Amino acid sequence: MRMKMKELMSAKIDGFKASNKRKRRSSLRMCLHTGLKTDSEGEDLLHSTGNYLTSSEFLPKGILEIKKCTDANKESPTQAKLKSVEFHPTAQVMLTAGMNQTLNLFQIDGKNNPKIQSVFLDKFPIHTAHFSASGEEVIMGSKHKSFYCYDMIAGKIVNIPQIKGLEETNMSRFEMSPDGQHIVFLGKYGHMHLVSAKSKEWMSSLKMNGSVEAVAFSRDGSKMYSIGDDGEVYVWDMRTRDCIHRFRDEGCLKGTSIAVSKNDQYLACGSYSGVVNIYDDSHMTSGYPQPVKSVMNLTTPCTTTVFNSSSEILALASNYSERAVKLVHFPSMTVFSNFPDRTESLRIPLCMDFSVNSGYFTIGNHKGQALLYRLKHYSNY
């Protein structure tokens with residue numbers, strides 16, 4: 001009798017878990033298919049964040065209108081370091097991933113931010129996680145020979161074993177090309193390994209002098225920029241896979257981060273000294289170009305650089321000290337004086353991202369928080 005009761009209870013629990021998983025997958029698919037809400041459609045967005053419509057078409061410099069929202073991951077808090085935060089390219093969804101070996105997906109409304117999916121990877125601390133360009137997959141890397149792919153539509157988790165031809169034992173650092181063609185893994189000794197984003201097979205490898213610390217892509221994915229510990233920037237043609245230009249980042253002894261503005265007009269190069277040099281497109285004509293601006297507001301290594309969708313804000317951060325985040329206005333290239341607020345406890349920033357239309361900005365820190373902010377100038381998500 002007891003055995004039958006145990007079996008019955010076990011069946012009920014398993015059935016509940018399976019039902020729960022189906023509901024979450026259904027909720028996730030609904031979020032992905034619904035896409036982004038505009039102001040006329042997305043009343044919830046405006047109700048939860050207030051009326052942030054602006055009369056000015058261009059973002060004003062000086063003071064940034066910004067509001068702190070409920071943490072994006074409040075429904076699933078963690079004390080482990082968050083290594084990746086990223087907004088979905090088409091839906092009001094955001095991912096968080098980190099040292100707790102868990103990928104979480106949240107529906108972002110600025111008020112409740114409900115969790116819609118959670119994926120645990122045993123013995124796989126997630127160092128990097130990115131949405132695919134199509135938004136249908138999440139790629140995750142760790143200090144392992146293999147990496148993971150989560151198919152959000154099918155609800156399947158696939159382990160990609162060590163790729164034939166590569167001797168890398170650490171697949172923790174990578175970037176996705178915006179054209180949906182490549183996953184670029186940053187390897188040892190300046191190697192950048194190009195893996196097909198579709199088949200997950202190795203395609204080719206590029207090599208620069210010294211080590212490679214960061215890469216970034218032009219908007220259409222046709223060019224890739226890389227920077228490393230020799231202080232030089234390499235420009236690669238992704239169609240021919242040739243280095244078509246290289247130049248010395250002025251005053252840089254060791255490059256630590258790099259970002260390209262969404263309009264392809266500006267290139268930001270972060271260094272170990274904390275100085276961030278900003279170049280316009282004339283950098284392609286000289287081996288020793290002069291930056292149009294050197295931002296010196298960080299005093300520790302600049303480890304993260306991110307442009308927003310309108311190319312009006314450049315976010316800079318250092319994971320070497322607390323509250324080391326600065327937001328730079330474009331085209332004036334001046335730092336917003338009111339962020340971070342003096343009372344704001346940012347802790348140590350490890351990762352950042354802007355939503356697709358810059359309505360939201362997020363910072364992941366070493367205490368497991370995904371801090372969320374509403375940028376009032378931008379009326380859409």
# chains A, B, ... in the order shown; residues from 1 in each chain; ligands from 1
>>> residues_around(residues="stretch 148-156 of chain A", least_positions_apart="2", cutoff="8 Å", atoms="only C-alpha atoms", output="ChimeraX atom specification")
/A:25,28-29,136-141,146,158-160
>>> residues_around(residues="stretch 115-131 of chain A", least_positions_apart="2", cutoff="8 Å", atoms="only C-alpha atoms", output="PDB file with C-alpha atoms, in the first residue's frame")
ATOM      1  CA  ARG A  24       7.249  27.848 -19.083  1.00  0.00           C
ATOM      2  CA  ARG A  25       8.213  26.805 -22.618  1.00  0.00           C
ATOM      3  CA  SER A  27       5.272  31.281 -22.002  1.00  0.00           C
ATOM      4  CA  LEU A  28       8.725  31.697 -23.521  1.00  0.00           C
ATOM      5  CA  ASN A  73      16.324  38.988 -11.749  1.00  0.00           C
ATOM      6  CA  GLU A  75      12.245  36.647  -9.054  1.00  0.00           C
ATOM      7  CA  SER A  76      15.350  34.452  -9.107  1.00  0.00           C
ATOM      8  CA  LYS A  83      28.973  37.173 -15.938  1.00  0.00           C
ATOM      9  CA  SER A  84      26.413  37.911 -18.667  1.00  0.00           C
ATOM     10  CA  VAL A  85      23.312  40.063 -18.985  1.00  0.00           C
ATOM     11  CA  GLU A  86      21.777  40.593 -22.427  1.00  0.00           C
ATOM     12  CA  HIS A  88      16.812  39.655 -26.636  1.00  0.00           C
ATOM     13  CA  PRO A  89      17.109  41.159 -30.150  1.00  0.00           C
ATOM     14  CA  THR A  96      21.239  36.430 -16.972  1.00  0.00           C
ATOM     15  CA  ALA A  97      23.972  33.826 -16.497  1.00  0.00           C
ATOM     16  CA  GLY A  98      26.937  33.312 -14.226  1.00  0.00           C
ATOM     17  CA  MET A  99      28.843  31.316 -11.682  1.00  0.00           C
ATOM     18  CA  ASN A 100      25.741  29.584 -10.285  1.00  0.00           C
ATOM     19  CA  GLN A 101      25.717  27.428 -13.454  1.00  0.00           C
ATOM     20  CA  THR A 102      22.261  28.744 -14.375  1.00  0.00           C
ATOM     21  CA  LEU A 103      20.785  30.557 -17.353  1.00  0.00           C
ATOM     22  CA  ASN A 104      17.661  32.543 -16.485  1.00  0.00           C
ATOM     23  CA  LEU A 105      15.273  34.272 -18.882  1.00  0.00           C
ATOM     24  CA  PHE A 106      13.020  37.112 -17.722  1.00  0.00           C
ATOM     25  CA  GLN A 107      10.196  39.019 -19.353  1.00  0.00           C
ATOM     26  CA  ASN A 113      10.076  41.169 -14.583  1.00  0.00           C
ATOM     27  CA  ALA A 133      21.266  36.817 -34.057  1.00  0.00           C
ATOM     28  CA  SER A 134      17.892  35.192 -34.801  1.00  0.00           C
ATOM     29  CA  GLY A 135      17.016  35.203 -31.122  1.00  0.00           C
ATOM     30  CA  GLU A 136      16.059  31.533 -31.173  1.00  0.00           C
ATOM     31  CA  GLU A 137      19.131  30.181 -29.351  1.00  0.00           C
ATOM     32  CA  VAL A 138      21.386  31.008 -26.403  1.00  0.00           C
ATOM     33  CA  ILE A 139      25.048  30.030 -26.669  1.00  0.00           C
ATOM     34  CA  MET A 140      26.919  29.474 -23.389  1.00  0.00           C
ATOM     35  CA  GLY A 141      30.637  29.056 -22.745  1.00  0.00           C
ATOM     36  CA  SER A 142      32.780  28.087 -19.767  1.00  0.00           C
ATOM     37  CA  LYS A 143      36.338  27.034 -19.019  1.00  0.00           C
ATOM     38  CA  HIS A 144      35.710  23.711 -20.755  1.00  0.00           C
ATOM     39  CA  SER A 172      34.665  30.763 -22.037  1.00  0.00           C
ATOM     40  CA  ARG A 173      35.104  33.923 -24.156  1.00  0.00           C
ATOM     41  CA  PHE A 174      33.253  34.489 -27.416  1.00  0.00           C
ATOM     42  CA  GLU A 175      31.174  36.956 -29.436  1.00  0.00           C
ATOM     43  CA  MET A 176      28.350  36.466 -31.935  1.00  0.00           C
TER      44      MET A 176
END
>>> closest_residue(among="A:Glu344, A:Asp229, A:Asp280, A:Asp242", to="A:Val260", atoms="only C-alpha atoms")
A:Asp280
>>> residues_around(residues="stretch 235-240 of chain A", least_positions_apart="4", cutoff="10 Å", atoms="only C-alpha atoms", output="PyMOL selection string")
chain A and resi 177+181-182+194+206+215-217+221-227+244-247+284
>>> residues_around(residues="stretch 364-376 of chain A", least_positions_apart="2", cutoff="9 Å", atoms="only C-alpha atoms", output="JSON, numbers by chain")
{"A": [49, 50, 51, 52, 53, 54, 64, 65, 66, 67, 68, 69, 70, 71, 72, 73, 74, 77, 78, 79, 80, 81, 82, 83, 84, 85, 96, 98, 99, 110, 319, 346, 347, 348, 349, 350, 351, 352, 353, 358, 359, 360, 361, 362, 378, 379]}
>>> residues_around(residues="A:Tyr320", least_positions_apart="3", cutoff="12 Å", atoms="only C-alpha atoms", output="ChimeraX atom specification")
/A:272-274,298-304,317,323-325,347-350,365-366
>>> write_last_selection(atoms="N, CA, C and O atoms", output="compact mmCIF listing (two decimals), in the first residue's frame")
# COMPACT_ATOMS: atom_id res chain seq x y z
N TYR A 272 44.08 49.07 -20.20
CA TYR A 272 44.38 48.65 -18.83
C TYR A 272 44.55 49.86 -17.90
O TYR A 272 44.29 49.76 -16.71
N SER A 273 44.93 50.98 -18.44
CA SER A 273 45.09 52.19 -17.64
C SER A 273 43.75 52.82 -17.27
O SER A 273 43.69 53.69 -16.39
N GLY A 274 42.69 52.40 -17.95
CA GLY A 274 41.37 52.98 -17.73
C GLY A 274 40.98 54.01 -18.76
O GLY A 274 39.82 54.40 -18.84
N LEU A 298 37.63 56.71 -15.84
CA LEU A 298 37.90 55.47 -15.10
C LEU A 298 39.36 55.47 -14.64
O LEU A 298 40.24 55.87 -15.40
N THR A 299 39.60 55.00 -13.43
CA THR A 299 40.96 54.95 -12.89
C THR A 299 41.51 53.53 -12.80
O THR A 299 42.63 53.33 -12.37
N THR A 300 40.69 52.57 -13.19
CA THR A 300 41.10 51.16 -13.22
C THR A 300 40.79 50.61 -14.61
O THR A 300 40.07 51.25 -15.39
N PRO A 301 41.32 49.43 -14.96
CA PRO A 301 41.15 48.90 -16.32
C PRO A 301 39.71 48.90 -16.81
O PRO A 301 38.79 48.48 -16.08
N CYS A 302 39.50 49.39 -18.03
CA CYS A 302 38.17 49.40 -18.65
C CYS A 302 37.90 48.02 -19.24
O CYS A 302 38.45 47.65 -20.27
N THR A 303 37.03 47.26 -18.59
CA THR A 303 36.81 45.87 -18.99
C THR A 303 35.56 45.67 -19.86
O THR A 303 35.40 44.62 -20.47
N THR A 304 34.68 46.68 -19.89
CA THR A 304 33.47 46.56 -20.70
C THR A 304 33.15 47.88 -21.39
O THR A 304 33.20 48.94 -20.76
N ALA A 317 32.79 50.45 -18.13
CA ALA A 317 32.84 49.88 -16.79
C ALA A 317 34.17 49.20 -16.52
O ALA A 317 34.85 48.75 -17.46
N ARG A 323 31.34 50.61 -8.24
CA ARG A 323 30.69 51.79 -8.83
C ARG A 323 31.44 52.36 -10.04
O ARG A 323 31.24 53.50 -10.43
N ALA A 324 32.31 51.55 -10.63
CA ALA A 324 33.12 52.03 -11.76
C ALA A 324 32.36 51.90 -13.07
O ALA A 324 32.66 51.07 -13.93
N VAL A 325 31.31 52.74 -13.22
CA VAL A 325 30.50 52.79 -14.44
C VAL A 325 30.35 54.24 -14.86
O VAL A 325 30.08 55.11 -14.02
N ARG A 347 27.85 48.14 -6.61
CA ARG A 347 28.84 47.09 -6.32
C ARG A 347 29.84 47.03 -7.49
O ARG A 347 30.11 48.02 -8.15
N ILE A 348 30.38 45.83 -7.77
CA ILE A 348 31.39 45.72 -8.83
C ILE A 348 30.70 45.30 -10.13
O ILE A 348 30.13 44.21 -10.21
N PRO A 349 30.73 46.14 -11.18
CA PRO A 349 30.05 45.81 -12.43
C PRO A 349 30.85 44.80 -13.26
O PRO A 349 32.05 44.97 -13.49
N LEU A 350 30.17 43.76 -13.70
CA LEU A 350 30.83 42.72 -14.50
C LEU A 350 30.35 42.68 -15.94
O LEU A 350 31.08 42.21 -16.82
N ASN A 365 26.26 42.52 -11.59
CA ASN A 365 27.39 42.73 -10.67
C ASN A 365 27.86 41.45 -9.99
O ASN A 365 27.31 40.37 -10.20
N HIS A 366 28.90 41.60 -9.15
CA HIS A 366 29.53 40.44 -8.53
C HIS A 366 28.70 39.87 -7.38
O HIS A 366 29.04 38.81 -6.84
>>> residues_around(residues="A:Val195", least_positions_apart="2", cutoff="7 Å", atoms="only C-alpha atoms", output="compact mmCIF listing (two decimals) with C-alpha atoms, in the first residue's frame")
# COMPACT_ATOMS: atom_id res chain seq x y z
CA HIS A 182 29.84 33.31 -36.83
CA ILE A 183 30.57 32.50 -33.22
CA VAL A 184 34.10 33.82 -32.59
CA HIS A 193 38.35 30.68 -33.87
CA ALA A 197 26.58 29.82 -35.82
CA LYS A 200 28.43 24.76 -34.82
CA GLU A 201 31.35 23.46 -36.90
CA TRP A 202 34.80 25.02 -37.03
CA MET A 203 35.31 27.15 -40.14
>>> atom_distance(atom1="atom CA of A:Gln265", atom2="atom CA of A:Ser310")
11.3 Å
>>> residues_around(residues="A:Val233", least_positions_apart="3", cutoff="12 Å", atoms="only C-alpha atoms", output="ChimeraX atom specification")
/A:208-216,224-230,236,243-250,252-259,267-271,277,279,283-284,286-289
>>> closest_residue(among="A:Leu59, A:Met296, A:Ile157, A:Met171", to="A:Ser311", atoms="only C-alpha atoms")
A:Leu59
>>> select_by_dssp(residues="stretch 268-299 of chain A", states="strand (DSSP E or B)", output="PyMOL selection string")
chain A and resi 268-271+276-279+293-295
>>> atom_distance(atom1="atom CA of A:Cys31", atom2="atom CA of A:Val93")
7.3 Å
>>> atom_distance(atom1="atom CA of A:Phe354", atom2="atom CA of A:Gly251")
29.0 Å
